$ cat input.csv   # CSV, C-alpha atoms and all ligand atoms
chain,number,residue,atom,x,y,z
P,1,MET,CA,18.6,-10.6,20.0
P,2,LYS,CA,20.7,-9.8,16.9
P,3,ILE,CA,19.8,-6.7,14.9
P,4,GLY,CA,21.5,-5.6,11.7
P,5,VAL,CA,21.9,-2.1,10.3
P,6,LEU,CA,22.1,-2.0,6.5
P,7,ALA,CA,25.5,-0.5,5.8
P,8,LEU,CA,25.5,0.5,2.2
P,9,GLN,CA,25.4,4.2,2.8
P,10,GLY,CA,24.2,6.5,5.6
P,11,ALA,CA,24.1,6.8,9.4
P,12,VAL,CA,25.2,3.3,10.3
P,13,ALA,CA,27.4,3.6,13.4
P,14,GLU,CA,24.9,5.8,15.2
P,15,HIS,CA,22.2,3.2,14.9
P,16,ILE,CA,24.5,0.4,16.1
P,17,HIS,CA,25.4,2.5,19.1
P,18,LEU,CA,21.8,3.1,20.1
P,19,LEU,CA,20.7,-0.5,19.4
P,20,GLN,CA,23.5,-1.7,21.8
P,21,GLN,CA,22.4,0.9,24.3
P,22,ALA,CA,18.9,-0.6,24.1
P,23,GLY,CA,20.3,-4.1,24.8
P,24,ALA,CA,20.7,-5.7,21.4
P,25,ASP,CA,23.6,-7.3,19.7
P,26,ALA,CA,24.0,-5.0,16.7
P,27,VAL,CA,26.0,-5.5,13.5
P,28,ALA,CA,26.7,-3.6,10.2
P,29,VAL,CA,25.2,-5.6,7.3
P,30,LYS,CA,27.0,-5.4,3.9
P,31,ARG,CA,26.2,-8.8,2.5
P,32,VAL,CA,22.9,-10.6,2.0
P,33,GLU,CA,24.2,-13.8,3.6
P,34,GLN,CA,24.3,-11.9,6.9
P,35,LEU,CA,20.5,-11.6,6.9
P,36,ASP,CA,19.9,-15.2,7.9
P,37,GLU,CA,21.4,-14.7,11.4
P,38,LEU,CA,19.3,-11.6,12.2
P,39,ASP,CA,16.1,-11.1,14.1
P,40,GLY,CA,15.5,-7.6,12.7
P,41,LEU,CA,17.1,-4.9,10.5
P,42,VAL,CA,17.4,-1.1,10.5
P,43,LEU,CA,17.4,0.8,7.2
P,44,PRO,CA,19.3,4.0,8.0
P,45,GLY,CA,19.0,7.6,6.8
P,46,GLY,CA,21.1,8.8,4.0
P,47,GLU,CA,20.1,9.2,0.3
P,48,SER,CA,17.4,6.9,-0.7
P,49,THR,CA,18.3,6.9,-4.4
P,50,ALA,CA,21.9,5.9,-3.6
P,51,ILE,CA,20.8,3.3,-1.0
P,52,GLY,CA,18.2,1.9,-3.5
P,53,LYS,CA,20.8,1.5,-6.3
P,54,LEU,CA,23.3,-0.2,-4.0
P,55,MET,CA,20.5,-2.5,-2.6
P,56,LYS,CA,19.8,-3.7,-6.2
P,57,LYS,CA,23.5,-4.1,-7.0
P,58,TYR,CA,24.1,-6.4,-3.9
P,59,GLY,CA,20.8,-8.3,-4.1
P,60,PHE,CA,19.2,-6.7,-1.0
P,61,ASP,CA,16.1,-5.8,-3.1
P,62,VAL,CA,15.1,-9.5,-3.4
P,63,ALA,CA,16.6,-10.7,-0.1
P,64,LEU,CA,14.8,-8.1,2.0
P,65,GLN,CA,11.4,-9.0,0.4
P,66,GLU,CA,12.1,-12.5,1.7
P,67,PHE,CA,13.3,-11.2,5.1
P,68,SER,CA,10.0,-9.3,5.4
P,69,ALA,CA,7.9,-12.2,4.2
P,70,GLN,CA,9.3,-14.1,7.2
P,71,LYS,CA,7.9,-11.4,9.4
P,72,LYS,CA,11.3,-10.3,10.5
P,73,PRO,CA,10.9,-6.6,11.6
P,74,LEU,CA,12.4,-3.7,9.7
P,75,PHE,CA,12.8,-0.2,10.9
P,76,GLY,CA,13.4,2.6,8.4
P,77,THR,CA,14.5,6.1,9.4
P,78,CYS,CA,14.4,9.0,7.0
P,79,ALA,CA,15.7,7.6,3.7
P,80,GLY,CA,14.9,4.2,5.2
P,81,LEU,CA,11.3,5.2,5.4
P,82,ILE,CA,11.4,6.0,1.7
P,83,ILE,CA,12.9,2.6,1.0
P,84,LEU,CA,9.9,0.9,2.8
P,85,ALA,CA,7.2,3.0,1.2
P,86,GLY,CA,4.6,1.4,-1.1
P,87,GLU,CA,4.3,4.7,-3.1
P,88,ILE,CA,6.6,7.7,-3.6
P,89,GLU,CA,5.0,10.9,-4.7
P,90,GLY,CA,6.1,12.0,-8.2
P,91,GLN,CA,7.8,8.7,-8.9
P,92,ASP,CA,6.3,5.6,-10.7
P,93,TRP,CA,8.7,3.2,-9.0
P,94,THR,CA,9.5,2.2,-5.4
P,95,HIS,CA,12.3,0.5,-3.6
P,96,LEU,CA,11.0,-2.3,-1.3
P,97,GLY,CA,7.4,-1.1,-1.5
P,98,LEU,CA,6.5,-3.0,1.7
P,99,MET,CA,4.4,-0.4,3.7
P,100,ASP,CA,1.0,0.7,2.6
P,101,MET,CA,1.7,4.4,2.6
P,102,LYS,CA,2.4,7.2,0.2
P,103,VAL,CA,5.4,9.4,1.0
P,104,ALA,CA,6.8,12.7,-0.2
P,105,ARG,CA,10.6,13.1,-0.3
P,106,ASN,CA,12.2,16.3,0.9
P,107,ALA,CA,8.8,17.4,2.0
P,108,PHE,CA,9.7,20.3,4.3
P,109,GLY,CA,10.3,23.8,2.7
P,110,ARG,CA,13.7,25.1,2.1
P,111,GLN,CA,14.0,27.2,5.3
P,112,ARG,CA,12.9,24.1,7.2
P,113,GLU,CA,15.1,21.6,5.4
P,114,SER,CA,16.7,20.6,8.7
P,115,PHE,CA,15.3,21.3,12.2
P,116,GLU,CA,14.7,19.6,15.6
P,117,PHE,CA,11.5,19.3,17.5
P,118,ASP,CA,10.4,17.7,20.8
P,119,LEU,CA,7.9,15.2,19.4
P,120,PRO,CA,5.3,13.3,21.5
P,121,ILE,CA,5.3,9.7,20.4
P,122,PRO,CA,2.6,7.8,22.4
P,123,GLY,CA,3.9,4.6,23.8
P,124,VAL,CA,7.5,5.6,23.2
P,125,ALA,CA,8.2,9.1,24.7
P,126,GLU,CA,6.4,12.3,25.6
P,127,ASP,CA,9.1,14.5,24.3
P,128,PHE,CA,11.4,12.7,21.8
P,129,ARG,CA,14.0,15.0,20.3
P,130,ALA,CA,13.3,14.4,16.6
P,131,VAL,CA,16.0,15.6,14.2
P,132,PHE,CA,14.6,16.2,10.7
P,133,ILE,CA,17.2,16.4,7.9
P,134,ARG,CA,15.7,17.0,4.4
P,135,ALA,CA,13.1,14.7,5.7
P,136,PRO,CA,10.2,12.9,4.0
P,137,LEU,CA,6.6,13.0,5.1
P,138,ILE,CA,3.9,10.4,5.0
P,139,ARG,CA,1.0,11.8,3.0
P,140,GLU,CA,-1.4,8.9,3.3
P,141,VAL,CA,-1.6,5.5,5.1
P,142,GLY,CA,-3.6,2.4,4.4
P,143,ASP,CA,-6.0,0.8,7.0
P,144,ASP,CA,-3.4,-1.6,8.3
P,145,VAL,CA,-1.0,1.2,9.2
P,146,ASP,CA,-0.9,2.8,12.7
P,147,ILE,CA,0.1,6.4,12.8
P,148,LEU,CA,2.6,6.8,15.7
P,149,ALA,CA,3.4,10.5,15.5
P,150,ARG,CA,2.5,13.7,13.8
P,151,TYR,CA,4.4,17.0,13.4
P,152,LYS,CA,2.0,19.9,12.7
P,153,ASP,CA,-0.7,17.5,11.5
P,154,GLU,CA,1.7,15.7,9.1
P,155,ILE,CA,2.5,12.0,9.7
P,156,VAL,CA,6.1,11.5,10.7
P,157,ALA,CA,6.2,8.0,12.2
P,158,ALA,CA,4.1,4.9,11.5
P,159,ARG,CA,3.9,1.1,12.1
P,160,GLN,CA,2.4,-1.7,10.0
P,161,GLY,CA,2.8,-4.9,12.0
P,162,HIS,CA,6.5,-5.8,11.8
P,163,LEU,CA,7.4,-2.7,9.9
P,164,LEU,CA,8.3,0.6,11.6
P,165,CYS,CA,9.3,3.9,10.2
P,166,ALA,CA,10.2,7.5,11.1
P,167,SER,CA,10.9,10.5,8.9
P,168,PHE,CA,13.3,11.8,11.5
P,169,HIS,CA,16.7,10.5,12.8
P,170,PRO,CA,16.3,8.8,16.2
P,171,GLU,CA,19.9,7.7,15.9
P,172,LEU,CA,21.2,11.2,16.0
P,173,THR,CA,20.3,11.7,19.7
P,174,ASP,CA,21.5,9.8,22.7
P,175,ASP,CA,17.9,8.6,23.4
P,176,SER,CA,17.5,4.9,22.7
P,177,ARG,CA,13.7,4.8,23.4
P,178,MET,CA,12.7,4.5,19.8
P,179,HIS,CA,15.2,1.7,19.3
P,180,ALA,CA,13.9,0.0,22.4
P,181,TYR,CA,10.4,0.2,20.9
P,182,PHE,CA,11.7,-1.5,17.8
P,183,LEU,CA,13.3,-4.2,19.9
P,184,GLU,CA,9.9,-4.8,21.6
P,185,ILE,CA,8.4,-5.4,18.1
P,186,VAL,CA,11.3,-7.8,17.3
P,187,LYS,CA,10.6,-9.7,20.5
P,188,GLU,CA,6.9,-9.9,19.8
P,189,TYR,CA,7.4,-11.3,16.3
P,190,ARG,CA,10.2,-13.6,17.4
P,191,SER,CA,8.0,-15.3,20.0
P,192,GLN,CA,5.1,-15.6,17.5
P,193,THR,CA,7.2,-17.2,14.8
P,194,ALA,CA,8.8,-19.5,17.5
P,195,VAL,CA,5.4,-21.0,18.4
P,196,GLY,CA,4.4,-21.1,14.7
P,197,THR,CA,1.4,-18.7,14.9
P,198,ILE,CA,2.5,-16.9,11.8
X,201,LIG,N1,16.3,13.5,1.4
X,201,LIG,C1,16.8,12.1,1.5
X,201,LIG,C2,16.1,11.2,0.5
X,201,LIG,O1,15.2,11.6,-0.2
X,201,LIG,C3,16.6,11.6,2.9
X,201,LIG,C4,17.3,12.4,3.9
X,201,LIG,C5,17.8,11.7,5.1
X,201,LIG,O2,17.8,10.4,5.2
X,201,LIG,N2,18.3,12.4,6.0
X,201,LIG,O3,16.5,10.1,0.3
$ encode --input "input.csv" --output "structure tokens"
Amino acid sequence: MKIGVLALQGAVAEHIHLLQQAGADAVAVKRVEQLDELDGLVLPGGESTAIGKLMKKYGFDVALQEFSAQKKPLFGTCAGLIILAGEIEGQDWTHLGLMDMKVARNAFGRQRESFEFDLPIPGVAEDFRAVFIRAPLIREVGDDVDILARYKDEIVAARQGHLLCASFHPELTDDSRMHAYFLEIVKEYRSQTAVGTI
């Protein structure tokens, strides 16, 4: 299984390390041509405005719409979650706009801009060390979106079919269970497309 990590800006090496730990062949992706050989892609944390601009500049805005239309899984963490969102609070534009959810950037108050919490994520881990860094929140989700985790009633991880997102940074721990969960999704979609059910 070959998984890419979009390497325009942000925490790339950490994702590659945990994807490898979870058993995938992982590569940094800088050019759209690399997408063809991938089974799935991680959109890392960083600064969503900067990542969004670079995505446009290098053609990833269009190429990733196609990637997703082929039901190839995407996993967005922190800024990557904002890149996937169908609506961004206070903004009349989006980046990829793929997931049916409304998100708020930098949604935690100042004193809580960065913190860690042992988060229960059903199906993934009972106590996942979640690192929040100027993190976004998911305010609302559509009917097709499954809520995976909440922190104090606020939604911090979700899945819509082949699309997965977390407002924290699973790559900043040495725990690869969230990445392993993503690889399960990739496997699921790979076998479905192989027999032509999608
Ligand atoms: N605050 C950043 C943004 O809005 C996200 C922060 C992160 O990825 N750690 O893009």
$ residues_around --input "input.csv" --residues "Leu164 of chain P" --least-positions-apart "3" --cutoff "8 Å" --atoms "only C-alpha atoms" --output "list in words"
Pro73, Leu74, Phe75, Gly76, Ala157, Ala158, Arg159, Gln160, Gly161 and Phe182 of chain P
$ closest_atom_pairs --input "input.csv" --of "chain P" --to "ligand LIG 201 (chain X)" --cutoff "7 Å" --atoms "all atoms listed in the file" --output "tab-separated table"
residue	atom	partner	partner_atom	distance
P:Gly45	CA	X:LIG201	O2	3.4
P:Gly46	CA	X:LIG201	O2	3.9
P:Glu47	CA	X:LIG201	O3	3.7
P:Ser48	CA	X:LIG201	O3	3.5
P:Thr49	CA	X:LIG201	O3	6.0
P:Thr77	CA	X:LIG201	O2	6.9
P:Cys78	CA	X:LIG201	O2	4.1
P:Ala79	CA	X:LIG201	O2	3.8
P:Gly80	CA	X:LIG201	O2	6.8
P:Ile82	CA	X:LIG201	O3	6.7
P:Arg105	CA	X:LIG201	O1	4.8
P:Asn106	CA	X:LIG201	N1	5.0
P:Ile133	CA	X:LIG201	N2	4.6
P:Arg134	CA	X:LIG201	N1	4.6
P:Ala135	CA	X:LIG201	C4	5.1
P:Pro136	CA	X:LIG201	C3	6.6
$ closest_residue --input "input.csv" --among "P:Ala85, P:Val27, P:Phe168, P:Gln65" --to "Glu113 of chain P" --atoms "all atoms listed in the file"
P:Phe168
$ residues_around --input "input.csv" --residues "segment 137-153 of chain P" --least-positions-apart "5" --cutoff "10 Å" --atoms "all atoms listed in the file" --output "number ranges by chain"
P: 78, 81-82, 85-89, 99-108, 117-124, 130, 158-161, 163-168
$ atom_distance --input "input.csv" --atom1 "atom CA of Asp39 of chain P" --atom2 "atom CA of Lys72 of chain P"
6.1 Å
$ atom_distance --input "input.csv" --atom1 "atom CA of His15 of chain P" --atom2 "atom CA of Arg177 of chain P"
12.1 Å
$ closest_residue --input "input.csv" --among "P:Gln34, P:Gln70, P:Thr94, P:Gln111" --to "Thr193 of chain P" --atoms "only C-alpha atoms"
P:Gln70
$ atom_distance --input "input.csv" --atom1 "atom CA of Leu6 of chain P" --atom2 "atom CA of Val29 of chain P"
4.8 Å
$ closest_atom_pairs --input "input.csv" --of "segment 63-170 of chain P" --to "segment 35-38 of chain P" --cutoff "9 Å" --atoms "only C-alpha atoms" --output "CSV"
residue,atom,partner,partner_atom,distance
P:Ala63,CA,P:Leu35,CA,8.1
P:Leu64,CA,P:Leu35,CA,8.3
P:Phe67,CA,P:Leu35,CA,7.4
P:Lys72,CA,P:Leu38,CA,8.3
$ write_last_selection --input "input.csv" --atoms "C-alpha atoms" --output "PDB file, in the coordinates of the input"
ATOM      1  CA  ALA P  63      16.600 -10.700  -0.100  1.00  0.00           C
ATOM      2  CA  LEU P  64      14.800  -8.100   2.000  1.00  0.00           C
ATOM      3  CA  PHE P  67      13.300 -11.200   5.100  1.00  0.00           C
ATOM      4  CA  LYS P  72      11.300 -10.300  10.500  1.00  0.00           C
TER       5      LYS P  72
END
$ closest_residue --input "input.csv" --among "P:Arg112, P:Arg31, P:Lys187, P:Lys53" --to "His95 of chain P" --atoms "only C-alpha atoms"
P:Lys53
$ closest_residue --input "input.csv" --among "P:Leu19, P:Ala125, P:Val131, P:Leu54" --to "His179 of chain P" --atoms "only C-alpha atoms"
P:Leu19
$ residues_near_point --input "input.csv" --point "(10.7, -3.6, 1.7)" --cutoff "6 Å" --atoms "only C-alpha atoms" --output "list in words"
Gln65, Leu84, Leu96, Gly97 and Leu98 of chain P
$ closest_residue --input "input.csv" --among "P:Val32, P:Val5, P:Ile16, P:Ala22" --to "Tyr181 of chain P" --atoms "only C-alpha atoms"
P:Ala22
